[in-house]
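Visitor: So that we are looking at the same thing, I have put the structure below in structure tokens.
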Amino acid sequence: MPFTNPPPDEICRLLREVRSIAVVGLSPNTARPSFHVAQALKNFGYHILPVRPLVTEVLGEKAYSDLDSLPETPDIVEVFRAAEHVPAIVESCIKLGIKKLWLQEGVVHEEAALRAQQAGITVVMDRCMFRDYTQLCS
């Protein structure tokens with residue numbers, strides 16, 4: 001069975017429920033899409049947890065090398081990494097009990113998304129969290 005995203009009303013409900021977002025691949029480079037999206041989400045009131053090795057801070061928030069290093073379990077994990085990294089991220093989410101996963105626009109890994117769903121994780125794939133927030137929830 002192929003992967004399908006939740007319908008727009010469920011995506012909006014998800015975005016209204018979450019408060020903390022672990023952003024995997026959040027770049028400190030202000031020209032990168034991950035920086036702009038995370039900055040906008042922070043301005044909307046979300047708590048951003050940057051996940052990026054070799055970086056100490058992004059957007060004024062302490063950065064962590066991986067999901068296992070986070071001091072709290074985030075409400076959702078947003079992924080700005082190449083598709084080949086998604087299976088390992090899904091396994092970390094399963095191990096840590098994270099129940100929501102968002103694969104940013106352009107990040108597509110059908111098999112990993114289905115694995116996450118089978119583990120009880122709500123998955124949104126190949127969509128922009130910022131765009132969905134502004135278009136579906138405003």
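Following the order of the structure tokens, chains are lettered A, B, ..., residues in each are numbered from 1, and ligands are numbered from 1.
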Can you tell me, as number ranges by chain, what residues are no more than 12 Å from A:Met1 when counting only C-alpha atoms, ignoring any on the same chain fewer than 6 positions away?
Guide: A: 110-111, 113-115, 117-118
Visitor: Tell me, which residues of chain A carry DSSP helix (DSSP H, G or I), written as a PyMOL selection string?
Guide: chain A and resi 8-17+33-43+67-69+83-96+110-118+129-136
Visitor: So that I can see what lies close to stretch 74-80 of chain A, please list as a list in words the residues with an atom at most 7 Å from it, counting only C-alpha atoms and leaving out residues fewer than 2 positions away in the same chain.
Guide: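 Non-adjacent residues within range: Val18, Arg19, Ser20, Ile21, Ala22, Val23, Val24, Gly25, Leu26, Ser34, Glu72, Ala82, Ile98, Lys99, Lys100, Leu101, Trp102, Leu103 and Gln104 of chain A.
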Visitor: Once DSSP has gone over the backbone, tell me which residues of chain A are in strand (DSSP E or B), as a ChimeraX atom specification.
Guide: /A:20-24,47-51,57-58,61-62,64,76-79,100-104,122-127
Visitor: Can you tell me how far atom CA of A:Asp9 sits from atom CA of A:Val107, in Å to one decimal?
Guide: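 These atoms are spaced 21.7 Å apart.
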Visitor: Which is closest to A:Ser65 among A:Val51, A:Ala40, A:Ile89, A:Val124, if we use only C-alpha atoms?
Guide: A:Val51
Visitor: One number please: atom CA of A:Glu61 to atom CA of A:Phe44, in Å, one decimal.
Guide: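 Atom CA of A:Phe44 lies 15.4 Å from atom CA of A:Glu61.
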Visitor: Quick check, in Å to one decimal: how far apart do atom CA of A:Met129 and atom CA of A:Ala38 lie?
Guide: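 Computing it gives 9.2 Å between the two atoms.
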